[in-house]
Structures are given as C-alpha cells and as structure tokens.
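Novice: The structure is given below, and queries will be raised subsequently.
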Amino acid sequence: MNLVVNSVVSLETEGEIAIVAVDSPPVNALGQRVREGVLLGIRKAIGQKAKAVVLLCKGPTFFAGADISELDRPILEPTLDVVEAAIEDSPIPVVAAIHGTALGGGLEVAMACHYRVAVPSARLGLPEVALGLLPGAGGTQRAPRLMGIEAAIGMIAGGKPVMAAEGIRLGLLDALVDEGELRGQAIAFARELLVKGAPLKRARDLPVDLSPEEAQAAADRYRAKNPAQFRGFKAPGNILKAVVAAAELPFDQGIAREWELFSELLSSEESEAQRYAFFAERIAGKVPGLDKTVRPRAIATTGVVGAGTMGTGIAIALLNAGFPVTLVDLNAEALDKARARIAGTIQGQADKGRIPSDAAAARIAALSSAGDLSALTGTDLVIEAVFERPDLKKTIFAQLDAVMKPGAILATNTSFLDVNEIAAATARPHDVVGLHFFAPANIMRLLEIVRGDKTAGDVLATALWLGRKLGKLAVVSGVCDGFIANRLMARRGETADRLILNGPPPADIDRVMVDYGFPMGPFQMVDLVGLDVIGWDRENSAGRTVQEILCEAGHWGQKTGSGYYDYSQGTAAPAADALAAIAAIRERNRIEPRSYDDAQLLHALLDPVVNEGAKLVDEGIVYRASDIDMALIAGYGWPVYRGGPMFWGDSVGLPGVVERLKARVAAGEDIVISPLLERYAIEGRRFVHDDRQRGRAQGPRGIGEPGKGTLTAGGHG
C-alpha cells in the first residue's frame, strides 16, 4: 500500500514494515516540506500499527543536508529537532537507509534513528564548520555517544566526510548493504531486528566514552595539533565546547548548550561571511545570458606551450584530471627538466598515498613532449604559458592558428595582457579564451576565465567545464589589465610601497595583514615569489624605488637569502639593506615619517582594493560583486571568514571607505575614487549584503542581469 503524505514524502508498506520515502530533488534537502513529510510519515506509520520503519530517500542521495537559505529567515515548523524527537521516541524501530551522502542535518537525522544501514559508496559527515557553524540539531551530542569523543571531535571540527566502511568502524553505522539493493536489504535488516527482539537503540541513551576531564584534554590536544583551523575562525572553538559538553552534561542539557553555541555562531560576522562565500562560490561559474542549450566542445587531448614553472604546473593539473598532455617548448633542456618535475610531482602523490601507484604511472605515461608546435595539430585544447611578452604570445598564436585543427580551442595563460589583441593574431578569435592559472597551477584553486570580445559561447562553456574537471574555482572576467585578482591586489601593493616610505616598516604592514587573516603580507609574498619576478623592469631600472635598489643589488628575496627580509640566520628578520633603501628614498624625497596604528594601516591597505572592485563592477568586467570576492579568496588567500573585499567593504561601511579615500586624495595621493562606490555610499546601498550574489553588473560583454543561483544543501542542522 502506498500513501501520499505530502508533495515530497510517501508512506509505503511491505507487510509489517513501513517505508517512509522522501523524494525532493535534487538532493533531498531538509527544507520545511521534507521535515513535515517525515514527521507525518513516522506518525502515520506508528498509527497504522507497523512494527518497524525504514526511512529512505529516492534519487541520487539520502538527505544531503539542510536548506541553508533558511538560516537567514525564520525557520518554519516543524523544526529538525522536533522531527528527530519523533523518530527517537518512536515505540517501533526506525532504520535509516543511506545512499549517496548523509551530511550535516542528514546525518543528524540518521543518528536520531535507532539503526543505520548504508551502501559502501555512501559518505557520512558533519561539515557545518565550513559555514562557520556547528551541527545544531543534536550532532555534537549524539556523535560522541555513537563514535566516541575523539572521533567526534575529528569529524565535526575537521568537517571531512568519511566513507561507509569507516562509518562502520566508528560506530555510526550498524551494517553495510549491497549497492543497488538498499531498499530490499534495509527492509530485511528491519525484519531481522524484529525477529531478534532487538532493543530501540537510542543514541541519546548511550554513555560517553570519556570523563569530562578526559574530553577536555582531547579537545586541547586537537586544538594544539591543528592551530590553523582556529586562527580567525570561531566555529572550531565552539565545536570543541559543544562536544566536551556531551561528556559534562546530561543529554537534554547538552542539547541546550549546543543550541546556545550554535546561536552564537549564527549571529557572528565570521559565519555570515562563510555562508555568503558558500553561495558565492556556487554561482561564480554561472554566466548570465549564456544560452542554456550551448554545450561544451569535446576535449579529449590537450597541449601546453611553454615548459617553465607555469606550463609545468598546468600540465600536472591536466594530467591529474585525466587528460593526455603534449608539452611543447623549443628548448630541449627545458623540456627534459619539465618532464622530470612533472613525473616527480605525480610520483610524489603516489608515494604519499594520495593516488594509487598505477594511476600515477598512467598519468606520467599520458605526457608527451615536442620541440615544435606542429605536434599539436590534432589537439582539442592548447594552453599557452610562455613569458608575458605580447609580441611573443601573438607570434605563437599566429603559429597555432596555422597548425591546429578547426574547432580547437586556443587559450592563453596571460596574467594581464590584452586577450583581444592576442586573439586578433589569429583568423579564429572566436576560439580564443584566457585561462589564467595561479601559481602553482596544479595546487591553487583560482582559474580566471577571460572572455574576449569575440570568444564564442561554447568556448566559454568549455572553459567553465574544464575548470570543474580540474577542481578549480572558475571565475569569468572581462578583458582588462590584471583581470580581477591581480588588478585589485596591485592596489594593495602600491599602497604598501607608499606606506613604508611614510613610516611603518615592511614587517608592521605584513603583521597587520597576517593578523587580518592573510597567509602572508605583501612583502613576505614578494620575497617568496622573487623581487626580480614581480614588477621589476631590469632594462630600465634606475634605483627609483626600494624594489629597484634591492634588485640592482641582487637582493631578490628568499632565493638569494635577502630581500625585504634577511634569511641568513634561518628565519625572516628585517633586512638592513631594505631599511637603508627606505631611508635613502625618504631622504631623497624629503619624506617625514609618521606613525600609524593597526586600524589605520588596515584601512590604508584595503580601502583601495574595495575601490578597485567597485570599478570592476561599474565597468562590467565581472558579472557579480561576489565574483570578485571569490577570486580574492581562492587566488590570494583573502580570509574566507572576512568574506572578500566587497563583503568586507559592506561590513565596515562604504561611507567610511569613501571618506578615508577622499582624505587621501586631499593629501595628494593619486587615487581615482569609483563613482559607483560614491553613489552606493550616498544611497546607503551595499555591493553584496543587500542583493547578495545577484549584484548589479552587466558583466563581460554586457550580457545582462545575473540570476540568483541555486540554493544547495549543506550541513546545518
């Protein structure tokens, strides 16, 4: 017998077993209709005198989490804790039948069931920490009782899901069932419980494995072992408190403590920023106005031109994604070194257990090399990664145009050159696109896709598809100098160079940026990459700037042992030569140094970034202001708990940003304030807070108003 409970839940029966079946595409998120249906389904099953209940989901997955959009508005009844109480208090056993994923609220519902079975491919996790939250529907109280305090801390604070086999070992699952046989074998499992007279195993009634003192010690060990997880993030600390509460308090009091800690996080700036970033990332690759019928071109073979550091990294990224790669460079020695680096990197992944040894061998075997572009004749996609010289790139693209087959995609990895000019060197500008990887290309998440004026829609679709295949966060940019990330952060770099002449030393500026949440400050970054690489014109250098003085003296950063910092003693200490260069330029230009507090330095460094972002929005270089934030988070390590420059600008107040910039203009700084930024400040508008990811930009080629994007399920309970 089948009974429709509501629009997304049905109640089915097989003998004495009731099946509460959820069908709410795409991922059975625990929104209001699903919660209502499950609650009613459980009650009806009990009322119909069923002897056991199997709770399962149709479609590709078990409950993949809660509907995170509900966090920003009043949650409608029934709440998840009410649903879980009905399950846990059921007088007949309830068995969760899990496939796909049981994440966040989905796993919390499963833990409220009396028993849990899963197919081997299922994944289980409580990833709320990624949203700056903790499991808010009993996850921090039931997980320690099922799997132990230490394991619960690792799963909840770490946020990483586990496979079903690990779930068995941990005690989260009671049995594995065969793939494709979940329904039938879950019903059989429920019948076996009845035959055995198995008790109602309620997680809330299980003892915790550690004393309160031992639980606190376990939390302290985790914090000491994983300091980076706590730096700037509030959620991990609250998670530890909640899990320790499971050892300190009776279950109901622990639930109350969990909710108190959850509510504290929900209202925090950190969680607001992380939730914003969650949605912003999911719509970053959506191109407004791109015909939905447009399909990516088929990409089976790839090529990379240039065997330097960037070309090597791109080749590794392609090989790791399963593409065969032909690496081309005129320099045979460079090719040999690149092949060795590529093989060494991939073999290193196998040696560390990250990939199987046979997979590593297959990837290495998929690499070929050549000294002539004619080797790319039959290639579907080629990515050029040579030096940033427009004449060289144009020459290469003209040659590629002559040798590559019709329909092949020609991509340039330029970080700031005009993609339209490069495309004009070919007779097929519609096949040309910018694919700007960030170094190291096989590791960094950001991929800026630069859409030229004539880039075809299916080429853009292919670039977005490729970004997903490579595991990158792809953000579309229009053509401009520096595109998104580099253009914005150049403003911070210019300000940092000016500040060290006006008073604060490089170490103070770096400290303020690290305290804000960046992995390193601007001068630390320049020392790491190399002063000779970032912005030094060797041919025209004349000791006009601190960087020129240092470069001319051979102080190029870490690789030479000295730059803005001295590394001769094994640690980074302020370099005497850098301080002397600063003093010399101050004297030459009669600059009287002044003091700055940390707040002044922070705004001095970041206000210009917000201003430049407003220009990108106004110029239509980006589709959404949130795309800027995602590019900076993924490309420059802007702390996600700050939300990115546009989110941060909204948070601190755009009127204040404008007021501070105007004061700097009045003091003689060469800053052009964005008219859009001024207008937003006057009108009380905000770039991302008011309209979230929708933004107002027309985007590259003026394609029109972006949509809101799809809300996907996550881990909130």
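A note on labels: chains of the structure tokens are A, B, ... as shown, every chain counts residues from 1, and ligands are counted from 1 in their shown order.
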Find the residues around Gly684 of chain A up to 10 Å (only C-alpha atoms counted), leave out those fewer than 3 positions away in its own chain, and share them as an NGL selection string.
Specialist: :A and (650 or 653-655 or 678-681 or 690)
Novice: Generate the output file for the selected residues, C-alpha atoms, as a short mmCIF file (atom, residue, chain, number, x, y, z; two decimals), in the first residue's frame.
Specialist:
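For reference, part_22.cif as written:
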```
data_model
loop_
_atom_site.label_atom_id
_atom_site.label_comp_id
_atom_site.auth_asym_id
_atom_site.auth_seq_id
_atom_site.Cartn_x
_atom_site.Cartn_y
_atom_site.Cartn_z
CA ASP A 650 29.96 46.45 3.00
CA GLY A 653 30.62 50.66 5.81
CA LEU A 654 31.06 52.11 2.33
CA PRO A 655 30.62 55.73 3.54
CA GLU A 678 30.50 57.06 -4.04
CA ARG A 679 26.95 56.57 -5.26
CA TYR A 680 26.48 53.41 -3.19
CA ALA A 681 27.82 55.20 -0.12
CA ASP A 690 21.64 43.85 0.10
#
```
Novice: Please compute the atom CA of Gly530 of chain A-atom CA of Lys559 of chain A distance, one decimal, in Å.
Specialist: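 Computing it gives 7.2 Å between the two atoms.
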Novice: Counting only C-alpha atoms, what is within 7 Å of Ala284 of chain A, bar same-chain residues fewer than 6 positions away, as a PyMOL selection string?
Specialist: chain A and resi 474-475+627
Novice: Save out the residues we just selected, C-alpha atoms, as an mmCIF file, in the first residue's frame.
Specialist:
```cif
data_model
loop_
_atom_site.group_PDB
_atom_site.id
_atom_site.type_symbol
_atom_site.label_atom_id
_atom_site.label_comp_id
_atom_site.auth_asym_id
_atom_site.auth_seq_id
_atom_site.Cartn_x
_atom_site.Cartn_y
_atom_site.Cartn_z
ATOM 1 C CA ALA A 474 36.418 29.283 -12.148
ATOM 2 C CA VAL A 475 35.530 32.986 -12.246
ATOM 3 C CA ASP A 627 32.805 37.013 -8.144
#
```
Novice: Among segment 344-510 of chain A, which ones does DSSP place in alpha helix (DSSP H), written as a PyMOL selection string?
Specialist: chain A and resi 344-351+357-365+390-403+419-423+457-469+485-502+506-510
Novice: Report as a list of chain:residue names: the residues of segment 432-515 of chain A with a DSSP assignment of strand (DSSP E or B), based on the backbone of this structure.
Specialist: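 So the strand (DSSP E or B) residues in segment 432-515 of chain A would be A:Val432, A:Val433, A:Gly434, A:Leu435, A:His436, A:Phe437, A:Leu446, A:Leu447, A:Glu448, A:Ile449, A:Val450, A:Leu473, A:Ala474, A:Val475, A:Val476, A:Ser477.
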Novice: Generate a file of the selected residues that holds N, CA and C atoms, formatted as a short mmCIF file (atom, residue, chain, number, x, y, z; two decimals), in the first residue's frame.
Specialist:
```cif
data_model
loop_
_atom_site.label_atom_id
_atom_site.label_comp_id
_atom_site.auth_asym_id
_atom_site.auth_seq_id
_atom_site.Cartn_x
_atom_site.Cartn_y
_atom_site.Cartn_z
N VAL A 432 39.41 31.69 -29.15
CA VAL A 432 40.45 32.11 -28.19
C VAL A 432 39.82 32.53 -26.88
N VAL A 433 40.43 32.11 -25.77
CA VAL A 433 39.96 32.46 -24.44
C VAL A 433 41.16 32.57 -23.51
N GLY A 434 41.03 33.35 -22.47
CA GLY A 434 42.08 33.41 -21.46
C GLY A 434 41.81 32.40 -20.36
N LEU A 435 42.83 31.63 -19.99
CA LEU A 435 42.77 30.72 -18.85
C LEU A 435 43.92 31.09 -17.93
N HIS A 436 43.64 31.97 -17.00
CA HIS A 436 44.70 32.48 -16.12
C HIS A 436 44.79 31.64 -14.86
N PHE A 437 45.78 30.76 -14.82
CA PHE A 437 46.05 29.94 -13.65
C PHE A 437 46.90 30.74 -12.66
N LEU A 446 42.13 29.02 -7.88
CA LEU A 446 41.51 30.00 -8.77
C LEU A 446 41.91 29.79 -10.22
N LEU A 447 40.91 29.85 -11.09
CA LEU A 447 41.12 29.90 -12.53
C LEU A 447 40.30 31.06 -13.06
N GLU A 448 40.96 32.13 -13.48
CA GLU A 448 40.26 33.25 -14.10
C GLU A 448 40.05 32.93 -15.58
N ILE A 449 38.80 32.87 -15.99
CA ILE A 449 38.47 32.65 -17.39
C ILE A 449 38.21 34.01 -18.01
N VAL A 450 39.04 34.40 -18.94
CA VAL A 450 38.96 35.74 -19.52
C VAL A 450 38.25 35.64 -20.87
N LEU A 473 38.15 26.73 -8.88
CA LEU A 473 37.06 27.69 -8.77
C LEU A 473 37.21 28.64 -9.95
N ALA A 474 36.33 28.49 -10.93
CA ALA A 474 36.42 29.28 -12.15
C ALA A 474 35.59 30.55 -12.01
N VAL A 475 36.20 31.69 -12.29
CA VAL A 475 35.53 32.99 -12.25
C VAL A 475 35.74 33.67 -13.59
N VAL A 476 34.67 34.15 -14.19
CA VAL A 476 34.75 34.77 -15.51
C VAL A 476 35.05 36.26 -15.37
N SER A 477 36.01 36.72 -16.17
CA SER A 477 36.39 38.13 -16.18
C SER A 477 36.33 38.66 -17.60
#
```
Novice: Would you please work out which residue, of A:Glu619, A:Glu88, A:Asp598, A:Asp566, is nearest to Ile484 of chain A when using only C-alpha atoms?
Specialist: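 Among the listed residues, the smallest separation from Ile484 of chain A belongs to A:Glu619.
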Novice: Can you pull out every residue within 9 Å of Ser541 of chain A, counting only C-alpha atoms, but drop anything in the same chain fewer than 5 positions away, and send it as a PDB file with all heavy atoms, in the first residue's frame?
Specialist:
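The file below, result_20.pdb, is the result:
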```
ATOM      1  N   TRP A 536      59.643  44.138 -11.688  1.00  0.00           N
ATOM      2  CA  TRP A 536      60.942  44.794 -11.884  1.00  0.00           C
ATOM      3  C   TRP A 536      61.292  44.816 -13.355  1.00  0.00           C
ATOM      4  O   TRP A 536      61.338  43.776 -14.008  1.00  0.00           O
ATOM      5  CB  TRP A 536      62.041  44.075 -11.104  1.00  0.00           C
ATOM      6  CG  TRP A 536      63.397  44.735 -11.236  1.00  0.00           C
ATOM      7  CD1 TRP A 536      63.667  46.064 -11.182  1.00  0.00           C
ATOM      8  CD2 TRP A 536      64.649  44.081 -11.458  1.00  0.00           C
ATOM      9  NE1 TRP A 536      65.025  46.302 -11.342  1.00  0.00           N
ATOM     10  CE2 TRP A 536      65.646  45.092 -11.510  1.00  0.00           C
ATOM     11  CE3 TRP A 536      65.035  42.759 -11.607  1.00  0.00           C
ATOM     12  CZ2 TRP A 536      67.002  44.804 -11.719  1.00  0.00           C
ATOM     13  CZ3 TRP A 536      66.386  42.477 -11.798  1.00  0.00           C
ATOM     14  CH2 TRP A 536      67.354  43.495 -11.856  1.00  0.00           C
ATOM     15  N   GLU A 548      63.674  48.542  -6.817  1.00  0.00           N
ATOM     16  CA  GLU A 548      64.751  48.675  -7.793  1.00  0.00           C
ATOM     17  C   GLU A 548      66.115  48.646  -7.118  1.00  0.00           C
ATOM     18  O   GLU A 548      67.055  48.001  -7.603  1.00  0.00           O
ATOM     19  CB  GLU A 548      64.573  49.963  -8.604  1.00  0.00           C
ATOM     20  CG  GLU A 548      63.455  49.890  -9.627  1.00  0.00           C
ATOM     21  CD  GLU A 548      63.413  51.101 -10.545  1.00  0.00           C
ATOM     22  OE1 GLU A 548      64.147  52.073 -10.276  1.00  0.00           O
ATOM     23  OE2 GLU A 548      62.656  51.071 -11.521  1.00  0.00           O
ATOM     24  N   ILE A 549      66.260  49.341  -5.999  1.00  0.00           N
ATOM     25  CA  ILE A 549      67.541  49.352  -5.285  1.00  0.00           C
ATOM     26  C   ILE A 549      67.917  47.940  -4.856  1.00  0.00           C
ATOM     27  O   ILE A 549      69.059  47.489  -5.031  1.00  0.00           O
ATOM     28  CB  ILE A 549      67.470  50.294  -4.062  1.00  0.00           C
ATOM     29  CG1 ILE A 549      67.346  51.748  -4.518  1.00  0.00           C
ATOM     30  CG2 ILE A 549      68.703  50.120  -3.174  1.00  0.00           C
ATOM     31  CD1 ILE A 549      67.098  52.726  -3.380  1.00  0.00           C
ATOM     32  N   CYS A 551      66.788  45.024  -6.076  1.00  0.00           N
ATOM     33  CA  CYS A 551      67.021  44.144  -7.222  1.00  0.00           C
ATOM     34  C   CYS A 551      68.378  44.414  -7.864  1.00  0.00           C
ATOM     35  O   CYS A 551      69.091  43.474  -8.250  1.00  0.00           O
ATOM     36  CB  CYS A 551      65.903  44.315  -8.249  1.00  0.00           C
ATOM     37  SG  CYS A 551      64.356  43.501  -7.790  1.00  0.00           S
ATOM     38  N   GLU A 552      68.725  45.679  -7.980  1.00  0.00           N
ATOM     39  CA  GLU A 552      70.018  46.027  -8.582  1.00  0.00           C
ATOM     40  C   GLU A 552      71.178  45.495  -7.747  1.00  0.00           C
ATOM     41  O   GLU A 552      72.252  45.187  -8.281  1.00  0.00           O
ATOM     42  CB  GLU A 552      70.122  47.544  -8.734  1.00  0.00           C
ATOM     43  CG  GLU A 552      69.202  48.103  -9.817  1.00  0.00           C
ATOM     44  CD  GLU A 552      69.012  49.611  -9.702  1.00  0.00           C
ATOM     45  OE1 GLU A 552      69.766  50.253  -8.949  1.00  0.00           O
ATOM     46  OE2 GLU A 552      68.085  50.132 -10.346  1.00  0.00           O
TER      47      GLU A 552
END
```
Novice: Just the number, please: distance in Å from atom CA of Val53 of chain A to atom CA of Leu170 of chain A, one decimal.
Specialist: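 Here the two named atoms are 24.0 Å from each other.
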Novice: For Val20 of chain A, please output as a list in words all residues within 9 Å (counting only C-alpha atoms; exclusion window: fewer than 5 positions along the same chain).
Specialist: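 After dropping sequence-adjacent residues, the list is Val9, Ser10, Leu11, Glu12, Thr13, Gly37, Val38, Gly41, Ile42, Ala45, Val53, Val54, Leu55, Leu56 and Cys57 of chain A.
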Novice: Just the residues within 10 Å of Glu258 of chain A, please, counting only C-alpha atoms, with nothing from its chain fewer than 5 positions along; format it as a PyMOL selection string.
Specialist: chain A and resi 134-141+238-239+241-243+245-246+252-253+263-264
Novice: Kindly save the residues from that selection, with all heavy atoms included, as a short mmCIF file (atom, residue, chain, number, x, y, z; two decimals), in the first residue's frame.
Specialist:
```
data_model
loop_
_atom_site.label_atom_id
_atom_site.label_comp_id
_atom_site.auth_asym_id
_atom_site.auth_seq_id
_atom_site.Cartn_x
_atom_site.Cartn_y
_atom_site.Cartn_z
N LEU A 134 28.19 24.98 13.79
CA LEU A 134 28.32 23.62 14.30
C LEU A 134 26.99 22.90 14.08
O LEU A 134 25.98 23.55 13.81
CB LEU A 134 28.71 23.63 15.78
CG LEU A 134 27.85 24.39 16.80
CD1 LEU A 134 26.57 23.66 17.17
CD2 LEU A 134 28.67 24.63 18.07
N PRO A 135 26.98 21.58 14.13
CA PRO A 135 25.72 20.87 13.97
C PRO A 135 24.74 21.32 15.05
O PRO A 135 25.04 21.21 16.24
CB PRO A 135 26.11 19.40 14.14
CG PRO A 135 27.58 19.36 13.84
CD PRO A 135 28.12 20.67 14.32
N GLY A 136 23.59 21.82 14.64
CA GLY A 136 22.68 22.43 15.60
C GLY A 136 21.45 21.62 15.91
O GLY A 136 20.52 22.13 16.53
N ALA A 137 21.43 20.35 15.52
CA ALA A 137 20.26 19.50 15.80
C ALA A 137 20.70 18.21 16.45
O ALA A 137 20.28 17.12 16.07
CB ALA A 137 19.48 19.24 14.52
N GLY A 138 21.59 18.34 17.44
CA GLY A 138 22.00 17.18 18.21
C GLY A 138 23.25 16.49 17.74
O GLY A 138 23.70 15.53 18.37
N GLY A 139 23.85 16.96 16.66
CA GLY A 139 25.03 16.29 16.13
C GLY A 139 26.19 16.23 17.09
O GLY A 139 26.91 15.23 17.17
N THR A 140 26.40 17.31 17.85
CA THR A 140 27.54 17.33 18.77
C THR A 140 27.27 16.51 20.03
O THR A 140 28.19 16.28 20.82
CB THR A 140 27.89 18.78 19.20
OG1 THR A 140 26.81 19.32 19.99
CG2 THR A 140 28.13 19.67 18.00
N GLN A 141 26.03 16.08 20.23
CA GLN A 141 25.69 15.28 21.41
C GLN A 141 25.51 13.80 21.07
O GLN A 141 25.89 12.93 21.85
CB GLN A 141 24.42 15.83 22.06
CG GLN A 141 24.50 17.30 22.45
CD GLN A 141 25.68 17.60 23.35
OE1 GLN A 141 25.76 17.10 24.47
NE2 GLN A 141 26.61 18.41 22.86
N ASN A 238 33.90 26.66 19.28
CA ASN A 238 32.57 26.35 19.80
C ASN A 238 32.24 24.87 19.64
O ASN A 238 31.54 24.28 20.46
CB ASN A 238 31.52 27.20 19.11
CG ASN A 238 31.41 28.59 19.72
OD1 ASN A 238 32.37 29.11 20.30
ND2 ASN A 238 30.25 29.20 19.62
N ILE A 239 32.75 24.27 18.58
CA ILE A 239 32.54 22.84 18.38
C ILE A 239 33.19 22.04 19.51
O ILE A 239 32.58 21.11 20.06
CB ILE A 239 33.09 22.40 17.01
CG1 ILE A 239 32.16 22.89 15.89
CG2 ILE A 239 33.25 20.88 16.93
CD1 ILE A 239 32.73 22.75 14.50
N LYS A 241 33.77 23.05 22.51
CA LYS A 241 32.97 23.27 23.73
C LYS A 241 31.71 22.39 23.72
O LYS A 241 31.33 21.82 24.74
CB LYS A 241 32.57 24.74 23.84
CG LYS A 241 33.72 25.70 24.09
CD LYS A 241 33.23 27.14 24.08
CE LYS A 241 34.38 28.12 24.22
NZ LYS A 241 33.91 29.54 24.13
N ALA A 242 31.08 22.30 22.55
CA ALA A 242 29.84 21.52 22.46
C ALA A 242 30.10 20.04 22.66
O ALA A 242 29.34 19.34 23.35
CB ALA A 242 29.16 21.77 21.11
N VAL A 243 31.17 19.52 22.05
CA VAL A 243 31.47 18.09 22.19
C VAL A 243 31.87 17.77 23.63
O VAL A 243 31.45 16.75 24.19
CB VAL A 243 32.56 17.67 21.20
CG1 VAL A 243 32.97 16.22 21.44
CG2 VAL A 243 32.07 17.83 19.76
N ALA A 245 30.79 19.27 26.15
CA ALA A 245 29.53 19.32 26.91
C ALA A 245 28.82 17.97 26.91
O ALA A 245 28.08 17.65 27.84
CB ALA A 245 28.61 20.40 26.35
N ALA A 246 29.03 17.17 25.86
CA ALA A 246 28.41 15.85 25.81
C ALA A 246 28.92 14.97 26.95
O ALA A 246 28.21 14.08 27.43
CB ALA A 246 28.69 15.18 24.47
N ASP A 252 19.82 16.24 27.45
CA ASP A 252 18.96 17.40 27.18
C ASP A 252 19.68 18.70 27.50
O ASP A 252 19.52 19.70 26.78
CB ASP A 252 17.66 17.29 27.98
CG ASP A 252 16.73 16.22 27.43
OD1 ASP A 252 16.82 15.92 26.23
OD2 ASP A 252 15.92 15.68 28.21
N GLN A 253 20.47 18.72 28.56
CA GLN A 253 21.23 19.92 28.87
C GLN A 253 22.33 20.15 27.83
O GLN A 253 22.65 21.28 27.48
CB GLN A 253 21.84 19.82 30.27
CG GLN A 253 20.82 19.86 31.39
CD GLN A 253 21.46 19.76 32.76
OE1 GLN A 253 22.58 20.22 32.97
NE2 GLN A 253 20.76 19.13 33.70
N SER A 263 23.75 29.26 18.18
CA SER A 263 23.16 30.59 18.00
C SER A 263 24.22 31.67 18.04
O SER A 263 24.15 32.66 17.30
CB SER A 263 22.11 30.84 19.08
OG SER A 263 21.07 29.88 19.00
N GLU A 264 25.22 31.49 18.89
CA GLU A 264 26.32 32.45 18.97
C GLU A 264 27.05 32.53 17.64
O GLU A 264 27.42 33.61 17.16
CB GLU A 264 27.27 32.02 20.08
CG GLU A 264 28.49 32.91 20.28
CD GLU A 264 29.40 32.36 21.37
OE1 GLU A 264 28.90 32.13 22.48
OE2 GLU A 264 30.59 32.15 21.08
#
```
Novice: Which one of A:Gln48, A:Ser562, A:Gln274, A:Asn6 sits closest to Ile92 of chain A if you count only C-alpha atoms?
Specialist: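 Residue with the minimum atom-to-atom distance to Ile92 of chain A: A:Gln48.
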Novice: Which residues come within 10 Å of segment 594-596 of chain A, counting only C-alpha atoms, excluding same-chain residues fewer than 6 positions away, as a PyMOL selection string?
Specialist: chain A and resi 499+501-504+508+602+604
Novice: Which one of A:Ala112, A:Ala507, A:Ala280, A:Val479 sits closest to Ile621 of chain A if you count only C-alpha atoms?
Specialist: A:Val479
Novice: To one decimal place, how far is atom CA of Gly644 of chain A from atom CA of Ser69 of chain A in Å?
Specialist: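 Calculated distance between atom CA of Gly644 of chain A and atom CA of Ser69 of chain A is 20.1 Å.
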Novice: Closest to Ala340 of chain A among A:Asn2, A:Arg354, A:Ile591, A:Ile364, using only C-alpha atoms?
Specialist: A:Ile364
Novice: Which of these residues is nearest to Ala625 of chain A, using only C-alpha atoms: A:Ala277, A:Met444, A:Val34, A:Val386?
Specialist: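 Smallest separation from Ala625 of chain A among the options: A:Ala277.
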Novice: Restricting the calculation to only C-alpha atoms, which member of A:Ile633, A:Ile149, A:Ala217, A:Val610 is positioned closest to Ala247 of chain A?
Specialist: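 Answer, going by the shortest atom-to-atom distance: A:Ile149.
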